[in-house]
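Here's the structure we're looking at; comments come further down.
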Amino acid sequence: MRRFFFVAHGDPVIWGDIVMAVNPLFHHAVVDARHHRPVEELQSWRGLAALIVVIYHCALYYDYGAAARFWVTTVFNAHAAVVSFFVLSGFVLTLSLIKSDLDARAILCFYVRRAFRIYPALWAACGLGVAYLLIFGAGGTELGTDWARQNFGGWPMPGGKLVAAFAGLKPNLPLPIWTMAVELAGSLLLPFLVVAMRRSVFVFAILLLALGLLSCRATGWPLWIPTYLVDFGIGAAVALAIPHLRAALSHRSFALSVVIAGFGLLWFGRILTGADYVLAYNDPLTALIEAFGAAIMIAAIHVRPAAVPALSAPAAIVLGNRSYSLYLLHQPVLGIATALVAIVAPRFVMGSPGTATLAVLMATLMATMPLAAWSFRHVEVPAMRMGRRIGRVLERSPATSSRCMSSSLQASGG
């Protein structure tokens with residue numbers, strides 16, 4: 001016999017032998033999500049954030065002075081960009097999840113589609129990383145900084161570490177794999193956060209607080225996963241609040257002010273904590289401040305995308321669509337570019353490291369952009385289609401009548 005939990009308003013959700021009614025706040029969020037799709041401007045922001053990461057990594061490769069590097073890393077704040085990836089994933093994926101039946105089969109369907117969204121492009125990038133290491137090995141970083149030697153010189157590599165890299169669990173290849181580990185963990189957690197949110201906003205708030213406390217206590221943990229799981233919860237909380245924010249952000253000028261305020265908190269929150277970019281890069285308090293800034297900015301852009309017209313530009317949208325492959329592929333391309341420069345023009349690097357940095361940046365972008373376009377078209381899109389086909393098979397399974405959430409480019413991770 002099924003048990004019922006009655007809450008005013010909303011449709012029931014089935015979980016095993018339990019039928020739970022939907023709380024009013026969640027019900028409003030579902031209605032809003034069904035009438036408004038994620039805006040392209042958020043995908044454009046993802047593309048700009050990925051571009052920031054590319055510039056940041058290129059700027060770290062050569063040593064051209066501590067003072068100049070401080071200003072470069074402050075302006076091109078890759079950590080803030082990565083935090084915004086996590087918050088945006090939590091937000092967009094929650095908007096998709098709340099429109100589906102949150103039973104076990106629907107969650108399985110979600111996991112399958114996330115796997116097809118994340119892994120194929122990651123495997124392609126890992127293959128390029130292995131090719132770089134096979135050709136150049138650790139010798140390609142002779143003119144680089146300690147950061148370059150740490151992130152580009154890991155060869156020969158034990159088989160177990162190589163498997164872990166392809167699984168997205170350890171950063172052993174010249175790729176930002178640690179963020180993939182966080183993305184995978186956040187994707188595993190998110191459906192259960194949404195189930196809790198649907199049952200009780202209070203329970204969801206307690207879980208969000210617990211994740212925040214965990215992030216502050218997880219310093220030094222492997223892959224920094226616990227530090228950033230709260231970002232997905234913050235993104236989910238934004239999705240819950242969107243119906244109430246539409247009225248508050250009805251004026252375009254005010255929405256723009258909120259976007260600017262959120263961006264300022266996201267981009268320069270590290271100044272408030274004084275956390276060093278080298279010694280305290282993953283500082284938990286800094287990450288929390290940046291996550292709140294990202295949440296404010298994302299909410300305002302979603303509600304009033306016209307407030308930031310530059311994000312509606314076709315070039316920005318194209319960049320956003322290719323952002324995941326751009327983010328994954330740029331680091332092995334950077335390794336290849338710097339290794340070739342070390343062979344062809346070592347004196348140029350030693351004599352003008354700043355100019356060499358600009359040259360390597362341009363070469364990396366010129367090579368990675370078309371490669372990312374190819375990967376998007378021939379790896380990401382076919383993989384997403386395959387994930388949708390498998391989802392439809394699960395959807396038609398006689399074991400359940402659940403509806404799986406629809407996958408789209410807006411629900412991408414990175």
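Chain labels A, B, ... are given in the sequence in which chains occur in the structure tokens; within each chain residues are numbered consecutively from 1, and ligands are likewise numbered from 1 in the order shown.
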
Once you count only C-alpha atoms, what closest atom pair and distance in Å to one decimal does each residue of region 107-212 of chain A within 7 Å of region 379-397 of chain A have, with rows by chain and rising residue number, as CSV?
residue,atom,partner,partner_atom,distance
A:Cys109,CA,A:Gly391,CA,5.5
A:Val112,CA,A:Gly387,CA,6.5
A:Arg113,CA,A:Gly387,CA,4.7
A:Phe116,CA,A:Gly387,CA,5.4
A:Arg117,CA,A:Met384,CA,5.7
A:Pro120,CA,A:Val379,CA,6.5
A:Ala121,CA,A:Glu380,CA,6.0

Mind dumping a table of every region 225-332 of chain A residue within 9 Å of region 50-60 of chain A, with the nearest atom pair and its distance in Å to one decimal, using only C-alpha atoms, sorted by chain and rising number, as CSV?
residue,atom,partner,partner_atom,distance
A:Leu319,CA,A:Leu51,CA,8.7
A:Gly320,CA,A:Ala50,CA,8.4
A:Ser323,CA,A:Ala50,CA,5.8
A:Tyr324,CA,A:Ala50,CA,7.6
A:Leu326,CA,A:Ala50,CA,6.9
A:Tyr327,CA,A:Ala50,CA,5.4
A:His330,CA,A:Val54,CA,6.4
A:Gln331,CA,A:His57,CA,7.6

Can I get the selection written as a short mmCIF file (atom, residue, chain, number, x, y, z; two decimals), in the first residue's frame, with N, CA, C and O atoms?
data_model
loop_
_atom_site.label_atom_id
_atom_site.label_comp_id
_atom_site.auth_asym_id
_atom_site.auth_seq_id
_atom_site.Cartn_x
_atom_site.Cartn_y
_atom_site.Cartn_z
N LEU A 319 30.44 30.41 -29.79
CA LEU A 319 31.50 30.13 -28.82
C LEU A 319 30.96 29.31 -27.65
O LEU A 319 31.62 28.37 -27.18
N GLY A 320 29.76 29.65 -27.19
CA GLY A 320 29.15 28.90 -26.10
C GLY A 320 28.90 27.45 -26.46
O GLY A 320 29.14 26.55 -25.64
N SER A 323 32.09 25.55 -26.26
CA SER A 323 32.89 25.85 -25.07
C SER A 323 33.43 24.60 -24.39
O SER A 323 34.55 24.61 -23.87
N TYR A 324 32.66 23.53 -24.37
CA TYR A 324 33.11 22.33 -23.67
C TYR A 324 34.35 21.75 -24.34
O TYR A 324 35.34 21.44 -23.67
N LEU A 326 36.36 23.37 -26.35
CA LEU A 326 37.41 24.37 -26.21
C LEU A 326 38.09 24.23 -24.85
O LEU A 326 39.33 24.27 -24.76
N TYR A 327 37.30 24.06 -23.83
CA TYR A 327 37.83 23.92 -22.48
C TYR A 327 38.70 22.67 -22.34
O TYR A 327 39.77 22.72 -21.72
N HIS A 330 42.14 22.72 -25.12
CA HIS A 330 43.14 23.78 -25.21
C HIS A 330 44.45 23.41 -24.50
O HIS A 330 45.53 23.83 -24.95
N GLN A 331 44.38 22.62 -23.43
CA GLN A 331 45.60 22.37 -22.67
C GLN A 331 46.57 21.46 -23.41
O GLN A 331 47.76 21.77 -23.46
#

Q) Quick one: residues within 12 Å of Phe85 (chain A), only C-alpha atoms counted, chain neighbours fewer than 3 positions away excluded, as a PyMOL selection string? A) chain A and resi 42-50+52-53+78-82+88-93+179-180+182-183+186+228-229+231-232+234-235+266+290-291+294-295+298+320+323-324+327+411-414

Q: Would you list the contacts of region 246-263 of chain A as a ChimeraX atom specification, taking every protein, DNA or RNA residue within 7 Å and counting only C-alpha atoms, but skipping same-chain residues closer than 5 positions in sequence?
A: /A:293-294,296-297,300-301,303-304,307-308

(Q) Taking only region 106-275 of chain A into account, list the residues labelled helix (DSSP H, G or I) by DSSP (computed from the backbone), as an MDAnalysis selection string. (A) chainID A and resid 106:141 146:152 159:166 177:199 201:217 222:248 252:273

Q: For CA of Ile98 (chain A) and CA of Val230 (chain A), quote the distance in Å rounded to one decimal.
A: 18.7 Å

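Comparing A:Trp224, A:Trp178, A:Tyr61, A:Phe166 by their smallest distance to Pro284 (chain A), the closest is A:Trp224 (using only C-alpha atoms).
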
Q) Rounded to one decimal in Å, what is the spacing between CA of Leu265 (chain A) and CA of Asn282 (chain A)? A)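 Between these atoms lies a distance of 16.4 Å.
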
**Q.** For Trp155 (chain A), the nearest of the candidates A:Ala138, A:Leu279, A:Ala124, A:Ala373, counting only C-alpha atoms
**A.**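 For Trp155 (chain A), the nearest of the candidates is A:Ala138.
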
Q.
Which residues are near region 200-210 of chain A? Cut-off 9 Å, only C-alpha atoms, ignore same chain within fewer than 5 positions. Put them as a ChimeraX atom specification.
A. /A:22-23,25-26,193-195,215,230,233-234,237

Keeping N, CA and C atoms, export the residues of the selection given above as a PDB file, in the first residue's frame.
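Final output, selection-v7.pdb:
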ATOM      1  N   VAL A  22       3.937  17.791  -4.088  1.00  0.00           N
ATOM      2  CA  VAL A  22       4.926  18.816  -4.370  1.00  0.00           C
ATOM      3  C   VAL A  22       4.630  20.054  -3.538  1.00  0.00           C
ATOM      4  N   ASN A  23       5.672  20.634  -2.935  1.00  0.00           N
ATOM      5  CA  ASN A  23       5.449  21.837  -2.144  1.00  0.00           C
ATOM      6  C   ASN A  23       5.176  23.023  -3.073  1.00  0.00           C
ATOM      7  N   LEU A  25       6.305  26.141  -3.447  1.00  0.00           N
ATOM      8  CA  LEU A  25       7.417  26.865  -4.049  1.00  0.00           C
ATOM      9  C   LEU A  25       7.993  26.092  -5.229  1.00  0.00           C
ATOM     10  N   PHE A  26       8.135  24.783  -5.057  1.00  0.00           N
ATOM     11  CA  PHE A  26       8.631  23.943  -6.144  1.00  0.00           C
ATOM     12  C   PHE A  26       7.641  23.918  -7.296  1.00  0.00           C
ATOM     13  N   LEU A 193      19.231  16.126  -4.618  1.00  0.00           N
ATOM     14  CA  LEU A 193      18.934  17.458  -4.116  1.00  0.00           C
ATOM     15  C   LEU A 193      17.579  17.937  -4.624  1.00  0.00           C
ATOM     16  N   VAL A 194      17.284  17.642  -5.886  1.00  0.00           N
ATOM     17  CA  VAL A 194      16.005  18.070  -6.454  1.00  0.00           C
ATOM     18  C   VAL A 194      14.849  17.291  -5.830  1.00  0.00           C
ATOM     19  N   VAL A 195      15.051  15.996  -5.560  1.00  0.00           N
ATOM     20  CA  VAL A 195      14.025  15.212  -4.868  1.00  0.00           C
ATOM     21  C   VAL A 195      13.731  15.830  -3.501  1.00  0.00           C
ATOM     22  N   SER A 215      32.146  22.011   2.397  1.00  0.00           N
ATOM     23  CA  SER A 215      33.115  22.695   1.536  1.00  0.00           C
ATOM     24  C   SER A 215      34.181  23.415   2.357  1.00  0.00           C
ATOM     25  N   VAL A 230      28.838  22.217  -3.228  1.00  0.00           N
ATOM     26  CA  VAL A 230      27.838  23.208  -2.828  1.00  0.00           C
ATOM     27  C   VAL A 230      27.451  24.109  -3.997  1.00  0.00           C
ATOM     28  N   GLY A 233      24.370  22.861  -5.573  1.00  0.00           N
ATOM     29  CA  GLY A 233      23.214  23.167  -4.746  1.00  0.00           C
ATOM     30  C   GLY A 233      22.804  24.614  -4.847  1.00  0.00           C
ATOM     31  N   ILE A 234      23.780  25.522  -4.932  1.00  0.00           N
ATOM     32  CA  ILE A 234      23.465  26.944  -5.091  1.00  0.00           C
ATOM     33  C   ILE A 234      22.785  27.179  -6.435  1.00  0.00           C
ATOM     34  N   ALA A 237      19.261  26.081  -6.103  1.00  0.00           N
ATOM     35  CA  ALA A 237      18.474  27.055  -5.339  1.00  0.00           C
ATOM     36  C   ALA A 237      18.052  28.230  -6.207  1.00  0.00           C
TER      37      ALA A 237
END

(Q) My list of candidates is A:Val30, A:Leu143, A:Ala181, A:Ala196. Which is closest to Val349 (chain A) when distances are computed with only C-alpha atoms? (A)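 Answer, going by the shortest atom-to-atom distance: A:Leu143.
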
Q) Which is closest to Arg114 (chain A) among A:Cys216, A:Leu365, A:Ala185, A:Leu240, if we use only C-alpha atoms? A) A:Ala185

**Q.** Residue contacts of Gly144 (chain A) (7 Å, only C-alpha atoms) excluding same-chain residues fewer than 4 positions away, as a ChimeraX atom specification
**A.** /A:61-62,148-149
